[in-house]
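Below is one structure; the comments refer to it alone.
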Amino acid sequence: MENKVKKIGVLTSGGDSPGMNAAIRAVVRTALSYGIEVVGIKRGYAGLLEEDMEPMNTISVSDIIHIGGTILYTARCLEFKEPEYQKKAADICKKNNIDGMVVVGGDGSFRGGMRLSEQGINTICVPGTIDLDIACTEYTIGFDTAINTAMEAIDKLRDTSESHERCSIVEVMGRSAGHIAQWTGIASGAEYILTTEEFDGDVTKIIDKILVRRAIGKKNHIIVNAEGVGNSMEMAAEIQKATGIETRATILGHIQRGGNPTCKDRVYASAMGALAVELLREGKTNRVVAYKHGEFVDFDIQEALSMEKGLTPYLSHITKRLTSSSYRMD
């Protein structure tokens, strides 16, 4: 099969996520196996506009699969929303004989990839975001590592919360999406899981539950709060004032983005990076790599961006059962 592309650029854009390096490694080594040159572009679209790029070979990506973050660095580039900078980026690609691009990032990065495609640069996007908020795919690179990091932190906080008979509010990341909160809340046995999709903002309901559980002997309480809900500090003060129970808020923040990627993140990121190169070889463009119903597939970027994604309905259902304040003592 004759190669459709001779030289591929790869960049990471937006927020970093564990497993991005595995995707970069897969792009580079898969491309090289087909005789395709690869250049790594530093700091996402910002680096592309500055022509900050370097050739990559098999040694460039040796011993990086287990490292968090991204060796290509990342940045947000507001300029890239403007048509003149989109054209400039495409001209830079053509000047450097880059006829294919792999973009690893989230929905904002996908929009940039779509614009590159419109400018004649064959572009494939790979979902790299801890938030799991890309609707066309059941998996995004970094989510598994992030939820395990958050779960382990909550487990540790529960120990001290139990020792001091406290209530602990743990705020996790996810922007406006509650997937990290839902998964880590279930996994850590949290009594309350608050997400933007389902929490109505009524803290009195939480206070009532805490009082009911304290009356039947519950000594500590764990509340997992999604980033989009926010106000964890204010919520802690309100709960402590109403219940008399010492209440602390812990915002986990960017530790969820870091750390060694899990096995799942390494394997899935490797598969997605490799598929991106295969799609470019087939002459495809304006596509997003996805994992759906047990298969690695691809979607049109515009179609992917138009999809909406909510929380998993059955997980929401069991959350209500598992965090119910009704206890039978017999």
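Every chain in the structure tokens has a letter given in the order shown (A, B, ...), and although residue numbers restart at 1 in each chain, ligands are simply numbered from 1 in the order shown.
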
Would you return as a ChimeraX atom specification the members of range 35-244 of chain A that DSSP assigns to strand (DSSP E) on this structure's backbone?
/A:37-41,53-56,100-105,122-127,167-172,192-194,221-226

Hey, can you spit out that residue selection with C-alpha atoms as a CSV table (one decimal), in the first residue's frame?
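This is the output file result.csv:
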```
chain,number,residue,atom,x,y,z
A,37,GLU,CA,8.7,10.8,8.9
A,38,VAL,CA,7.5,12.3,12.2
A,39,VAL,CA,8.1,15.7,13.8
A,40,GLY,CA,7.1,16.5,17.3
A,41,ILE,CA,5.5,20.0,17.8
A,53,MET,CA,9.3,21.4,16.2
A,54,GLU,CA,11.9,18.8,15.9
A,55,PRO,CA,12.3,15.4,14.1
A,56,MET,CA,11.4,12.4,16.2
A,100,GLY,CA,-0.6,14.8,8.1
A,101,MET,CA,-1.2,15.9,11.7
A,102,VAL,CA,-2.1,14.0,14.9
A,103,VAL,CA,-3.6,16.1,17.7
A,104,VAL,CA,-4.0,14.7,21.2
A,105,GLY,CA,-6.3,16.7,23.4
A,122,ASN,CA,-5.1,15.9,6.9
A,123,THR,CA,-5.7,15.8,10.6
A,124,ILE,CA,-6.7,13.0,13.1
A,125,CYS,CA,-7.6,13.8,16.7
A,126,VAL,CA,-7.1,11.6,19.7
A,127,PRO,CA,-9.1,12.2,22.9
A,167,CYS,CA,-17.1,15.3,57.7
A,168,SER,CA,-14.8,15.6,54.7
A,169,ILE,CA,-15.7,17.3,51.4
A,170,VAL,CA,-13.4,16.2,48.6
A,171,GLU,CA,-13.5,18.3,45.4
A,172,VAL,CA,-12.4,16.5,42.3
A,192,TYR,CA,-22.7,11.8,49.1
A,193,ILE,CA,-21.7,12.4,45.4
A,194,LEU,CA,-22.4,15.8,44.0
A,221,HIS,CA,-18.8,11.3,56.4
A,222,ILE,CA,-17.3,11.6,52.9
A,223,ILE,CA,-18.7,14.0,50.3
A,224,VAL,CA,-17.3,13.9,46.8
A,225,ASN,CA,-17.9,17.2,45.1
A,226,ALA,CA,-17.5,17.8,41.4
```

Using only C-alpha atoms, which protein or nucleic acid residues come within 10 Å of Asp99 in chain A? Drop anything in the same chain fewer than 3 positions from it, and give the result as a PyMOL selection string.
chain A and resi 4-9+90+93-96+120-123+280

Could you tell me how far CA of Asp133 in chain A sits from CA of Ser306 in chain A, in Å to one decimal place?
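Taking CA of Ser306 in chain A and CA of Asp133 in chain A, their separation equals 12.3 Å.
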
Which of A:Gly273, A:Gly44, A:Gly112, A:Pro18 sits closest to Phe143 in chain A [using only C-alpha atoms]:
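Answer, going by the shortest atom-to-atom distance: A:Pro18.
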
Residue with smallest distance to Arg175 in chain A - pool A:Gly142, A:Gly113, A:Gly253, A:Gly35, counting only C-alpha atoms
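Counting only C-alpha atoms, the residue closest to Arg175 in chain A is A:Gly253.
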